[in-house]
file final.cif (mmCIF, C-alpha atoms)
data_entry
loop_
_atom_site.label_atom_id
_atom_site.label_comp_id
_atom_site.auth_asym_id
_atom_site.auth_seq_id
_atom_site.Cartn_x
_atom_site.Cartn_y
_atom_site.Cartn_z
CA MET A 1 58.82 -230.46 36.65
CA ASP A 2 60.82 -232.33 39.28
CA LYS A 3 61.59 -231.20 42.79
CA ASP A 4 65.19 -230.11 42.18
CA GLN A 5 64.30 -227.85 39.34
CA GLU A 6 61.52 -226.33 41.42
CA VAL A 7 63.97 -225.31 44.16
CA ASP A 8 66.33 -223.97 41.54
CA ILE A 9 63.67 -221.74 40.04
CA GLN A 10 62.77 -220.40 43.46
CA SER A 11 66.36 -219.38 44.10
CA VAL A 12 66.62 -217.80 40.67
CA ILE A 13 63.58 -215.67 41.50
CA ASP A 14 65.14 -214.88 44.87
CA ILE A 15 68.35 -213.50 43.42
CA CYS A 16 66.54 -211.64 40.65
CA LEU A 17 64.38 -209.90 43.24
CA LEU A 18 67.37 -209.22 45.48
CA ALA A 19 69.29 -207.67 42.59
CA GLY A 20 66.28 -205.57 41.61
CA ARG A 21 65.75 -204.41 45.16
CA ILE A 22 69.36 -203.39 45.71
CA MET A 23 69.26 -201.45 42.45
CA MET A 24 66.07 -199.59 43.27
CA GLN A 25 67.25 -198.85 46.82
CA SER A 26 70.45 -197.41 45.41
CA GLY A 27 68.77 -195.12 42.90
CA ALA A 28 69.07 -197.02 39.62
CA GLU A 29 66.69 -196.23 36.77
CA THR A 30 63.49 -198.26 36.61
CA TYR A 31 64.25 -199.73 33.20
CA ARG A 32 67.70 -200.84 34.35
CA ALA A 33 66.28 -202.81 37.26
CA GLU A 34 63.72 -204.49 34.98
CA ASP A 35 66.34 -205.21 32.34
CA THR A 36 68.79 -206.66 34.86
CA MET A 37 66.17 -208.96 36.36
CA THR A 38 65.07 -210.21 32.94
CA ARG A 39 68.66 -210.82 31.84
CA MET A 40 69.56 -212.68 35.01
CA ALA A 41 66.52 -214.91 34.74
CA ALA A 42 67.25 -215.54 31.06
CA ALA A 43 70.84 -216.54 31.87
CA TYR A 44 69.44 -219.30 34.09
CA GLY A 45 67.13 -220.47 31.34
CA ILE A 46 63.91 -218.74 32.33
CA SER A 47 62.91 -216.73 29.32
CA GLN A 48 59.32 -215.72 30.09
CA THR A 49 59.46 -213.25 32.96
CA HIS A 50 57.46 -210.17 33.75
CA SER A 51 58.50 -207.51 36.18
CA PHE A 52 56.76 -204.42 37.37
CA VAL A 53 59.21 -202.10 39.05
CA THR A 54 58.22 -199.00 40.99
CA PRO A 55 60.29 -196.98 43.47
CA THR A 56 58.34 -198.51 46.35
CA GLY A 57 58.04 -202.13 45.34
CA ILE A 58 58.84 -204.77 42.73
CA ILE A 59 56.45 -207.41 41.38
CA PHE A 60 58.12 -210.27 39.57
CA SER A 61 56.47 -213.23 37.94
CA MET A 62 57.20 -215.85 35.35
CA ASP A 63 54.84 -217.65 33.04
CA GLY A 64 54.04 -221.03 34.49
CA VAL A 65 53.22 -222.60 37.79
CA ASN A 66 55.26 -220.53 40.19
CA PRO A 67 53.65 -217.88 42.32
CA THR A 68 54.21 -214.20 41.64
CA ARG A 69 56.48 -212.54 44.17
CA LEU A 70 56.51 -209.03 45.53
CA VAL A 71 59.16 -207.13 47.49
CA ARG A 72 58.71 -203.82 49.26
CA ILE A 73 61.25 -201.03 49.02
CA ASN A 74 61.14 -198.72 52.00
CA GLU A 75 64.52 -197.03 52.10
CA ARG A 76 65.81 -195.21 49.06
CA SER A 77 69.12 -193.45 48.74
CA THR A 78 71.67 -192.83 46.05
CA ASP A 79 74.55 -195.28 46.11
CA LEU A 80 75.98 -195.61 42.62
CA GLU A 81 78.72 -197.99 43.72
CA LYS A 82 76.06 -200.61 44.54
CA VAL A 83 74.36 -200.08 41.18
CA ALA A 84 77.71 -200.65 39.48
CA ARG A 85 78.40 -203.80 41.54
CA VAL A 86 74.98 -205.34 40.83
CA ASN A 87 75.56 -204.51 37.18
CA SER A 88 78.89 -206.32 37.12
CA ILE A 89 77.43 -209.33 38.97
CA SER A 90 74.65 -209.52 36.39
CA ARG A 91 77.21 -209.28 33.59
CA LYS A 92 79.11 -212.21 35.11
CA ILE A 93 75.88 -214.21 35.38
CA SER A 94 75.03 -213.54 31.74
CA SER A 95 78.45 -214.63 30.58
CA GLY A 96 78.23 -217.73 32.78
CA ASP A 97 81.27 -216.84 34.91
CA ILE A 98 79.65 -217.45 38.29
CA SER A 99 77.22 -220.04 39.57
CA LEU A 100 73.83 -219.43 41.10
CA SER A 101 75.02 -219.90 44.69
CA GLU A 102 78.06 -217.68 44.18
CA ALA A 103 75.89 -214.95 42.71
CA SER A 104 73.43 -215.27 45.55
CA ALA A 105 76.21 -215.01 48.15
CA ALA A 106 77.73 -212.01 46.39
CA LEU A 107 74.40 -210.18 46.24
CA LYS A 108 73.59 -210.89 49.90
CA GLU A 109 76.98 -209.59 50.93
CA LEU A 110 76.49 -206.52 48.74
CA GLU A 111 73.09 -205.82 50.29
CA LYS A 112 74.59 -205.57 53.78
CA ALA A 113 77.82 -203.86 52.76
CA ASN A 114 78.36 -200.21 53.51
CA LEU A 115 80.33 -198.87 50.58
CA ALA A 116 79.71 -195.19 51.18
CA PHE A 117 82.53 -192.70 51.48
CA PRO A 118 83.36 -191.69 55.07
CA VAL A 119 80.93 -189.05 56.31
CA TRP A 120 83.56 -186.34 56.66
CA ILE A 121 84.59 -186.74 53.02
CA GLN A 122 80.94 -186.45 51.97
CA ILE A 123 80.54 -183.29 54.03
CA ILE A 124 83.68 -181.73 52.56
CA ALA A 125 82.48 -182.69 49.07
CA ALA A 126 79.12 -181.02 49.74
CA ALA A 127 80.83 -177.92 51.13
CA VAL A 128 83.19 -177.62 48.16
CA ALA A 129 80.35 -178.23 45.72
CA SER A 130 78.29 -175.49 47.41
CA GLY A 131 81.14 -173.04 47.01
CA CYS A 132 81.66 -174.02 43.38
CA PHE A 133 77.95 -173.67 42.60
CA LEU A 134 77.92 -170.21 44.11
CA ILE A 135 80.53 -169.07 41.58
CA MET A 136 78.95 -171.06 38.72
CA PHE A 137 75.67 -169.27 39.40
CA LYS A 138 77.49 -165.97 38.99
CA GLY A 139 78.14 -165.25 42.64
CA ILE A 140 81.17 -163.32 43.78
CA TRP A 141 84.39 -164.91 45.07
CA GLY A 142 83.99 -163.10 48.39
CA ASP A 143 80.97 -165.28 49.12
CA PHE A 144 82.82 -168.53 48.44
CA LEU A 145 83.76 -169.19 52.06
CA PRO A 146 80.32 -168.41 53.50
CA ALA A 147 78.71 -170.76 50.96
CA PHE A 148 81.37 -173.37 51.73
CA PHE A 149 80.58 -173.31 55.44
CA VAL A 150 76.82 -172.95 55.16
CA GLY A 151 76.66 -175.75 52.56
CA GLY A 152 78.83 -178.03 54.69
CA ILE A 153 76.86 -177.36 57.87
CA GLY A 154 73.55 -177.70 56.02
CA PHE A 155 74.55 -181.07 54.57
CA SER A 156 75.85 -182.33 57.92
CA SER A 157 72.61 -181.34 59.63
CA LEU A 158 70.71 -183.21 56.90
CA LEU A 159 72.73 -186.36 57.64
CA LEU A 160 72.46 -185.87 61.40
CA ILE A 161 68.72 -185.16 61.56
CA HIS A 162 67.96 -187.94 59.10
CA HIS A 163 70.01 -190.31 61.22
CA PHE A 164 68.01 -189.50 64.35
CA THR A 165 64.50 -188.96 63.03
CA LYS A 166 64.42 -191.20 59.93
CA VAL A 167 61.87 -188.80 58.46
CA LYS A 168 63.40 -187.58 55.21
CA PHE A 169 61.18 -184.54 54.70
CA PHE A 170 61.62 -183.30 58.23
CA ALA A 171 65.39 -183.61 57.82
CA GLU A 172 65.26 -181.65 54.56
CA PHE A 173 63.03 -179.00 56.06
CA SER A 174 65.19 -178.49 59.14
CA SER A 175 68.49 -178.48 57.30
CA SER A 176 67.27 -175.88 54.83
CA PHE A 177 66.03 -173.89 57.84
CA VAL A 178 69.57 -174.10 59.24
CA ILE A 179 70.95 -172.98 55.88
CA GLY A 180 68.57 -170.02 55.72
CA LEU A 181 69.30 -169.00 59.29
CA LEU A 182 73.08 -169.24 58.92
CA SER A 183 73.07 -167.35 55.62
CA VAL A 184 70.98 -164.51 57.05
CA LEU A 185 73.26 -164.43 60.07
CA LEU A 186 76.45 -164.32 57.99
CA VAL A 187 75.09 -161.60 55.71
CA SER A 188 73.87 -159.47 58.59
CA LEU A 189 77.27 -159.83 60.24
CA GLY A 190 78.81 -158.55 57.02
CA LEU A 191 80.63 -161.84 56.30
CA GLY A 192 78.66 -162.45 53.12
CA GLU A 193 77.13 -160.21 50.49
CA GLN A 194 74.58 -161.80 48.15
CA LEU A 195 72.11 -163.61 50.40
CA ASP A 196 70.18 -165.30 47.58
CA LYS A 197 73.30 -166.64 45.88
CA ILE A 198 74.69 -168.02 49.14
CA ILE A 199 71.42 -169.80 49.88
CA ILE A 200 71.04 -171.25 46.38
CA GLY A 201 74.65 -172.48 46.36
CA SER A 202 74.27 -174.04 49.79
CA VAL A 203 70.98 -175.82 49.12
CA MET A 204 72.32 -177.42 45.92
CA PRO A 205 73.49 -180.57 47.76
CA LEU A 206 69.91 -180.96 49.05
CA VAL A 207 67.82 -180.22 45.95
CA PRO A 208 66.18 -183.19 44.26
CA GLY A 209 67.72 -182.53 40.88
CA LEU A 210 68.33 -186.18 40.18
CA LEU A 211 64.76 -187.06 41.15
CA ILE A 212 63.22 -184.39 38.91
CA THR A 213 65.22 -185.52 35.91
CA ASN A 214 64.67 -189.22 36.61
CA ALA A 215 60.96 -188.60 37.00
CA VAL A 216 60.62 -186.88 33.64
CA ARG A 217 62.79 -189.56 32.05
CA ASP A 218 60.65 -192.37 33.47
CA LEU A 219 57.49 -190.64 32.27
CA MET A 220 58.94 -190.35 28.77
CA ALA A 221 59.91 -194.03 28.80
CA GLY A 222 56.32 -194.97 29.65
CA HIS A 223 56.98 -195.90 33.30
CA PHE A 224 54.12 -193.76 34.52
CA VAL A 225 53.81 -195.14 38.04
CA SER A 226 57.53 -194.73 38.71
CA GLY A 227 57.60 -191.34 37.05
CA LEU A 228 54.70 -189.98 39.06
CA SER A 229 55.96 -191.31 42.38
CA LYS A 230 59.46 -189.96 41.78
CA GLY A 231 57.88 -186.69 40.76
CA ALA A 232 55.87 -186.62 43.98
CA GLU A 233 58.99 -187.29 46.01
CA ALA A 234 60.88 -184.57 44.19
CA PHE A 235 58.03 -182.13 44.69
CA LEU A 236 57.82 -182.84 48.41
CA THR A 237 61.58 -182.45 48.77
CA ALA A 238 61.60 -179.16 46.88
CA PHE A 239 58.69 -177.99 49.01
CA ALA A 240 60.45 -178.97 52.24
CA ILE A 241 63.57 -177.06 51.19
CA GLY A 242 61.65 -174.00 50.04
CA ALA A 243 59.52 -173.96 53.17
CA GLY A 244 62.54 -174.32 55.44
CA VAL A 245 64.14 -171.23 53.96
CA ALA A 246 60.83 -169.36 53.80
CA VAL A 247 60.31 -169.82 57.54
CA VAL A 248 63.54 -167.91 58.14
CA PHE A 249 62.39 -165.05 55.92
CA SER A 250 58.99 -164.82 57.60
CA PHE A 251 60.52 -163.60 60.87
CA MET B 1 89.28 -166.80 28.71
CA ASN B 2 89.86 -166.71 32.46
CA TYR B 3 86.14 -166.97 32.89
CA ILE B 4 86.03 -170.17 30.82
CA ILE B 5 88.88 -171.73 32.77
CA GLU B 6 87.20 -170.76 36.03
CA GLN B 7 83.91 -172.32 34.96
CA LEU B 8 85.65 -175.44 33.63
CA SER B 9 87.54 -176.14 36.83
CA LEU B 10 84.64 -175.28 39.15
CA SER B 11 82.16 -177.49 37.30
CA PHE B 12 84.72 -180.30 37.31
CA ILE B 13 85.13 -180.05 41.08
CA ALA B 14 81.41 -179.66 41.75
CA SER B 15 80.50 -182.71 39.61
CA ALA B 16 83.19 -184.84 41.21
CA GLY B 17 81.93 -183.65 44.60
CA PHE B 18 78.45 -184.85 43.71
CA GLY B 19 80.03 -188.12 42.61
CA ILE B 20 81.29 -188.46 46.18
CA ILE B 21 77.90 -187.57 47.71
CA PHE B 22 76.18 -190.14 45.47
CA ASN B 23 78.93 -192.66 46.24
CA ALA B 24 80.05 -193.23 42.68
CA PRO B 25 82.78 -195.89 42.36
CA ARG B 26 86.06 -194.35 43.46
CA HIS B 27 87.95 -194.78 40.19
CA SER B 28 85.14 -193.17 38.20
CA LEU B 29 85.18 -189.82 40.03
CA ILE B 30 87.55 -188.18 37.53
CA GLN B 31 85.34 -189.28 34.65
CA CYS B 32 82.26 -187.97 36.50
CA GLY B 33 83.93 -184.60 36.90
CA PHE B 34 84.91 -184.57 33.24
CA VAL B 35 81.39 -185.37 32.06
CA GLY B 36 79.97 -182.65 34.30
CA MET B 37 82.54 -180.18 32.99
CA ILE B 38 81.63 -180.81 29.34
CA GLY B 39 77.92 -180.53 30.07
CA TRP B 40 78.24 -177.32 32.05
CA ILE B 41 80.60 -175.58 29.63
CA SER B 42 78.34 -176.28 26.66
CA TYR B 43 75.41 -174.96 28.69
CA ILE B 44 77.09 -171.83 30.01
CA VAL B 45 78.68 -170.84 26.69
CA LEU B 46 75.28 -171.07 24.98
CA ALA B 47 73.38 -169.42 27.83
CA ASP B 48 75.87 -166.55 27.99
CA SER B 49 75.67 -165.94 24.26
CA GLY B 50 71.93 -165.38 24.52
CA VAL B 51 70.45 -168.81 23.85
CA ASP B 52 67.40 -169.57 25.99
CA THR B 53 68.24 -171.64 29.09
CA VAL B 54 65.81 -174.37 28.04
CA GLN B 55 67.62 -174.97 24.75
CA ALA B 56 71.02 -174.60 26.40
CA SER B 57 70.03 -177.22 29.00
CA PHE B 58 69.01 -179.55 26.19
CA VAL B 59 72.42 -179.22 24.52
CA GLY B 60 74.24 -179.61 27.84
CA ALA B 61 72.31 -182.75 28.75
CA PHE B 62 72.82 -184.14 25.24
CA PHE B 63 76.59 -183.87 25.58
CA VAL B 64 76.52 -185.26 29.11
CA ALA B 65 74.63 -188.34 27.93
CA LEU B 66 76.73 -188.74 24.78
CA ILE B 67 80.02 -188.72 26.68
CA GLY B 68 78.40 -190.75 29.46
CA HIS B 69 77.56 -193.46 26.92
CA VAL B 70 81.12 -193.49 25.62
CA MET B 71 82.46 -193.78 29.19
CA ALA B 72 79.89 -196.45 30.08
CA LYS B 73 80.98 -198.57 27.09
CA ARG B 74 84.65 -197.94 27.77
CA TYR B 75 84.59 -198.73 31.52
CA LYS B 76 81.71 -201.26 31.44
CA MET B 77 79.63 -199.42 34.03
CA PRO B 78 76.02 -198.25 34.05
CA ILE B 79 75.62 -194.90 32.33
CA ILE B 80 73.74 -193.47 35.32
CA ILE B 81 77.05 -193.21 37.22
CA PHE B 82 78.37 -190.67 34.75
CA SER B 83 75.16 -188.94 33.76
CA VAL B 84 73.93 -188.23 37.30
CA ALA B 85 77.00 -186.34 38.43
CA GLY B 86 77.21 -184.65 35.04
CA ILE B 87 73.61 -183.54 35.00
CA ILE B 88 73.58 -182.03 38.50
CA PRO B 89 74.97 -178.62 37.50
CA LEU B 90 72.26 -178.37 34.80
CA VAL B 91 69.22 -179.35 36.85
CA PRO B 92 67.01 -176.44 37.81
CA GLY B 93 67.58 -176.98 41.52
CA GLY B 94 67.99 -173.30 42.18
CA LEU B 95 64.89 -172.48 40.14
CA SER B 96 62.67 -175.07 41.77
CA TYR B 97 63.88 -173.95 45.17
CA ASP B 98 63.11 -170.36 44.21
CA ALA B 99 59.63 -171.31 43.03
CA MET B 100 58.92 -173.19 46.23
CA ARG B 101 60.15 -170.28 48.30
CA HIS B 102 57.63 -168.04 46.61
CA VAL B 103 54.85 -170.60 47.13
CA ALA B 104 55.73 -170.85 50.80
CA GLY B 105 55.71 -167.05 50.96
CA ASN B 106 52.18 -166.89 49.46
CA ASP B 107 53.45 -165.20 46.29
CA TYR B 108 51.87 -167.64 43.85
CA MET B 109 51.98 -165.35 40.85
CA ALA B 110 55.77 -165.15 41.04
CA ALA B 111 56.04 -168.88 41.68
CA ILE B 112 54.16 -170.07 38.58
CA PRO B 113 56.61 -168.80 35.92
CA LEU B 114 59.56 -170.09 37.92
CA ALA B 115 57.98 -173.51 38.37
CA THR B 116 57.02 -173.67 34.69
CA LYS B 117 60.57 -172.79 33.70
CA ALA B 118 61.97 -175.44 36.05
CA PHE B 119 59.59 -177.97 34.54
CA MET B 120 60.57 -176.99 30.99
CA ILE B 121 64.26 -177.29 31.83
CA SER B 122 63.75 -180.74 33.39
CA GLY B 123 61.92 -181.74 30.25
CA ALA B 124 64.73 -180.40 28.08
CA ILE B 125 67.31 -182.32 30.10
CA ALA B 126 65.29 -185.52 29.76
CA MET B 127 64.96 -184.89 26.01
CA GLY B 128 68.71 -184.37 25.75
CA LEU B 129 69.34 -187.67 27.53
CA VAL B 130 66.87 -189.56 25.36
CA PHE B 131 68.12 -188.01 22.09
CA ALA B 132 71.70 -188.96 22.90
CA GLU B 133 70.61 -192.50 23.72
CA VAL B 134 68.75 -192.85 20.44
CA MET B 135 71.75 -191.50 18.54
CA VAL B 136 74.13 -193.91 20.26
CA GLN B 137 71.83 -196.80 19.44
CA LEU B 138 71.57 -195.76 15.80
CA VAL B 139 75.35 -195.50 15.51
CA LEU B 140 75.85 -198.87 17.19
CA LYS B 141 73.38 -200.46 14.78
CA GLY B 142 75.27 -198.91 11.89
CA VAL B 143 78.57 -200.25 13.21
CA LYS B 144 77.21 -203.77 13.61
CA ARG B 145 76.01 -203.81 10.01
#

call {"tool": "encode", "arguments": {"input": "final.cif", "output": "structure tokens"}}
result
Amino acid sequence: MDKDQEVDIQSVIDICLLAGRIMMQSGAETYRAEDTMTRMAAAYGISQTHSFVTPTGIIFSMDGVNPTRLVRINERSTDLEKVARVNSISRKISSGDISLSEASAALKELEKANLAFPVWIQIIAAAVASGCFLIMFKGIWGDFLPAFFVGGIGFSSLLLIHHFTKVKFFAEFSSSFVIGLLSVLLVSLGLGEQLDKIIIGSVMPLVPGLLITNAVRDLMAGHFVSGLSKGAEAFLTAFAIGAGVAVVFSF
Amino acid sequence: MNYIIEQLSLSFIASAGFGIIFNAPRHSLIQCGFVGMIGWISYIVLADSGVDTVQASFVGAFFVALIGHVMAKRYKMPIIIFSVAGIIPLVPGGLSYDAMRHVAGNDYMAAIPLATKAFMISGAIAMGLVFAEVMVQLVLKGVKR
């Protein structure tokens, strides 16, 4: 194997790992990250690759002389736009539309890019969704506005506290505490009626529904490490939310 | 009838709202809302007519994944974009929160059935997703032949 090819293979591994990492950081399914990495490597002529993807790290190796590489994943959020973009870059690579260096540049740019909706739109979306969930869970229309406000404020405090403390579980605990406190306050002031419904509607933007489902799905697909760690994360999140509300009730 | 229209529009808005929170691509928000609407209406119609919530969640998730697959093929995007927003109304978030609230309040006996139910529903949703995927693959194989 000559020197040029060696360098080439290193950069192929680099972009495969980068693509996998962006996907896992953005909340893609485990099998999708593995599949994407294998396809990308295959498009550049490396057919024997092995990847082991977990929510906290990716191990990627290929049969032969090159060393196995590992990347850590520390931050995880849900950013479907990035998943879609990595997907379309990998499609282009498979069809041979873009070169290795172009793909690498595109992925590096994507990694840094902030594609999220403006924060105020996210907060309004969370508030509206809270109100809608209240009615969907058989609440009464009179409670729509309380759930709207409590859900919006709860979600904004999640974003705010997470921004300052960087501790996800603390942010979830405190924002559900805020939700519980506000709901009790509104109901005792006579501005809301069904306390339980208002709380459940308002915590919906926080609950780890996606994680629970993804965890069970990973377990069924045989990705036991991913499934268990996602399950643990979901459990901790659900516990943080439940505890935050329970603290309010214990007074 | 009013009830159905109410549920349809609310689930559409809520799913699209979750699309925004999860930062789904902007031009796919309408589709996300639509997928969520189909999933929720098939769930709520069954659940209201006396079917157990576990089975109803299975059917809801099955339709979400089925339509998600169609959308994913049509718009060349990962299915997760459509299925996540669509599945959110079905996930037992309220139940798992309720269970945890009882645990935190030392009422373990009330928490266990709630947690078991939440677990069963998550399992049913995952089954629905997997069944739809298998069906889509079988159909695609048939088409290719």

call {"tool": "interface_residues", "arguments": {"input": "final.cif", "of": "chain B", "to": "chain A", "cutoff": "9 Å", "atoms": "only C-alpha atoms", "output": "JSON, numbers by chain"}}
result
{"B": [6, 7, 10, 11, 13, 14, 15, 16, 17, 18, 19, 20, 21, 22, 23, 24, 25, 26, 44, 76, 77, 78, 80, 81, 84, 85, 87, 88, 89, 90, 91, 92, 93, 94, 95, 96, 97, 98, 99, 100, 101, 102, 103, 104, 105, 119, 122, 123, 125, 126, 127, 129, 130]}

call {"tool": "atom_distance", "arguments": {"input": "final.cif", "atom1": "atom CA of Val134 of chain B", "atom2": "atom CA of Met37 of chain B"}}
result
22.5 Å

call {"tool": "closest_residue", "arguments": {"input": "final.cif", "among": "B:Ser28, B:Ser9, B:Ser57, B:Gln137", "to": "Tyr75 of chain B", "atoms": "all atoms listed in the file"}}
result
B:Ser28

call {"tool": "closest_residue", "arguments": {"input": "final.cif", "among": "A:Glu75, A:Glu109, A:Asp143, A:Asp63", "to": "Leu18 of chain A", "atoms": "only C-alpha atoms"}}
result
A:Glu109

call {"tool": "resolve_selection", "arguments": {"input": "final.cif", "expression": "the PyMOL selection byres ((chain A and resi 184) around 10)", "output": "short mmCIF file (atom, residue, chain, number, x, y, z; two decimals) with C-alpha atoms, in the coordinates of the input"}}
result
data_model
loop_
_atom_site.label_atom_id
_atom_site.label_comp_id
_atom_site.auth_asym_id
_atom_site.auth_seq_id
_atom_site.Cartn_x
_atom_site.Cartn_y
_atom_site.Cartn_z
CA VAL A 178 69.57 -174.10 59.24
CA ILE A 179 70.95 -172.98 55.88
CA GLY A 180 68.57 -170.02 55.72
CA LEU A 181 69.30 -169.00 59.29
CA LEU A 182 73.08 -169.24 58.92
CA SER A 183 73.07 -167.35 55.62
CA LEU A 185 73.26 -164.43 60.07
CA LEU A 186 76.45 -164.32 57.99
CA VAL A 187 75.09 -161.60 55.71
CA SER A 188 73.87 -159.47 58.59
CA LEU A 189 77.27 -159.83 60.24
CA GLY A 190 78.81 -158.55 57.02
CA GLY A 192 78.66 -162.45 53.12
CA GLU A 193 77.13 -160.21 50.49
CA GLN A 194 74.58 -161.80 48.15
CA LEU A 195 72.11 -163.61 50.40
CA ASP A 196 70.18 -165.30 47.58
CA ILE A 198 74.69 -168.02 49.14
CA ILE A 199 71.42 -169.80 49.88
CA VAL A 248 63.54 -167.91 58.14
CA PHE A 249 62.39 -165.05 55.92
#

call {"tool": "resolve_selection", "arguments": {"input": "final.cif", "expression": "the PyMOL selection byres ((chain A and resi 42-45) around 9)", "output": "ChimeraX atom specification"}}
result
/A:9,12,37-41,46-49,93-96,100

call {"tool": "atom_distance", "arguments": {"input": "final.cif", "atom1": "atom CA of Val64 of chain B", "atom2": "atom CA of Gly39 of chain B"}}
result
5.0 Å

call {"tool": "residues_around", "arguments": {"input": "final.cif", "residues": "Ile41 of chain B", "least_positions_apart": "5", "cutoff": "8 Å", "atoms": "only C-alpha atoms", "output": "list in words"}}
result
Ile4, Gln7, Leu8 and Gly60 of chain B

call {"tool": "atom_distance", "arguments": {"input": "final.cif", "atom1": "atom CA of Tyr43 of chain B", "atom2": "atom CA of Ala56 of chain B"}}
result
5.0 Å

call {"tool": "closest_residue", "arguments": {"input": "final.cif", "among": "A:Asn114, A:Ser226, A:Ser157, A:Thr36", "to": "Ile89 of chain A", "atoms": "all atoms listed in the file"}}
result
A:Thr36

call {"tool": "closest_residue", "arguments": {"input": "final.cif", "among": "A:Phe52, A:Lys92, A:Lys166, A:Lys108", "to": "Ile15 of chain A", "atoms": "all atoms listed in the file"}}
result
A:Lys108

call {"tool": "build_atoms", "arguments": {"input": "final.cif", "residues": "segment 129-141 of chain B", "atoms": "N, CA, C and O atoms", "output": "PDB file, keeping the file's coordinate frame"}}
result
ATOM      1  N   LEU B 129      68.886-186.321  27.192  1.00  0.00           N
ATOM      2  CA  LEU B 129      69.340-187.670  27.530  1.00  0.00           C
ATOM      3  C   LEU B 129      68.795-188.692  26.545  1.00  0.00           C
ATOM      4  O   LEU B 129      69.534-189.538  26.031  1.00  0.00           O
ATOM      5  N   VAL B 130      67.491-188.574  26.243  1.00  0.00           N
ATOM      6  CA  VAL B 130      66.870-189.560  25.360  1.00  0.00           C
ATOM      7  C   VAL B 130      67.426-189.445  23.941  1.00  0.00           C
ATOM      8  O   VAL B 130      67.752-190.455  23.308  1.00  0.00           O
ATOM      9  N   PHE B 131      67.589-188.207  23.454  1.00  0.00           N
ATOM     10  CA  PHE B 131      68.120-188.010  22.090  1.00  0.00           C
ATOM     11  C   PHE B 131      69.505-188.636  21.959  1.00  0.00           C
ATOM     12  O   PHE B 131      69.794-189.303  20.970  1.00  0.00           O
ATOM     13  N   ALA B 132      70.342-188.407  22.973  1.00  0.00           N
ATOM     14  CA  ALA B 132      71.700-188.960  22.900  1.00  0.00           C
ATOM     15  C   ALA B 132      71.641-190.472  22.881  1.00  0.00           C
ATOM     16  O   ALA B 132      72.383-191.121  22.131  1.00  0.00           O
ATOM     17  N   GLU B 133      70.715-191.044  23.679  1.00  0.00           N
ATOM     18  CA  GLU B 133      70.610-192.500  23.720  1.00  0.00           C
ATOM     19  C   GLU B 133      70.198-193.047  22.360  1.00  0.00           C
ATOM     20  O   GLU B 133      70.773-194.019  21.862  1.00  0.00           O
ATOM     21  N   VAL B 134      69.208-192.402  21.744  1.00  0.00           N
ATOM     22  CA  VAL B 134      68.750-192.850  20.440  1.00  0.00           C
ATOM     23  C   VAL B 134      69.891-192.770  19.428  1.00  0.00           C
ATOM     24  O   VAL B 134      70.120-193.699  18.649  1.00  0.00           O
ATOM     25  N   MET B 135      70.652-191.657  19.492  1.00  0.00           N
ATOM     26  CA  MET B 135      71.750-191.500  18.540  1.00  0.00           C
ATOM     27  C   MET B 135      72.799-192.586  18.716  1.00  0.00           C
ATOM     28  O   MET B 135      73.275-193.164  17.742  1.00  0.00           O
ATOM     29  N   VAL B 136      73.135-192.865  19.994  1.00  0.00           N
ATOM     30  CA  VAL B 136      74.130-193.910  20.260  1.00  0.00           C
ATOM     31  C   VAL B 136      73.642-195.244  19.712  1.00  0.00           C
ATOM     32  O   VAL B 136      74.396-195.990  19.081  1.00  0.00           O
ATOM     33  N   GLN B 137      72.348-195.532  19.929  1.00  0.00           N
ATOM     34  CA  GLN B 137      71.830-196.800  19.440  1.00  0.00           C
ATOM     35  C   GLN B 137      71.871-196.887  17.921  1.00  0.00           C
ATOM     36  O   GLN B 137      72.221-197.927  17.363  1.00  0.00           O
ATOM     37  N   LEU B 138      71.527-195.767  17.261  1.00  0.00           N
ATOM     38  CA  LEU B 138      71.570-195.760  15.800  1.00  0.00           C
ATOM     39  C   LEU B 138      72.984-196.005  15.301  1.00  0.00           C
ATOM     40  O   LEU B 138      73.211-196.798  14.389  1.00  0.00           O
ATOM     41  N   VAL B 139      73.963-195.335  15.926  1.00  0.00           N
ATOM     42  CA  VAL B 139      75.350-195.500  15.510  1.00  0.00           C
ATOM     43  C   VAL B 139      75.800-196.927  15.727  1.00  0.00           C
ATOM     44  O   VAL B 139      76.428-197.549  14.865  1.00  0.00           O
ATOM     45  N   LEU B 140      75.446-197.501  16.902  1.00  0.00           N
ATOM     46  CA  LEU B 140      75.850-198.870  17.190  1.00  0.00           C
ATOM     47  C   LEU B 140      75.262-199.835  16.169  1.00  0.00           C
ATOM     48  O   LEU B 140      75.933-200.753  15.717  1.00  0.00           O
ATOM     49  N   LYS B 141      74.005-199.617  15.796  1.00  0.00           N
ATOM     50  CA  LYS B 141      73.380-200.460  14.780  1.00  0.00           C
ATOM     51  C   LYS B 141      74.135-200.359  13.466  1.00  0.00           C
ATOM     52  O   LYS B 141      74.384-201.354  12.803  1.00  0.00           O
TER      53      LYS B 141
END
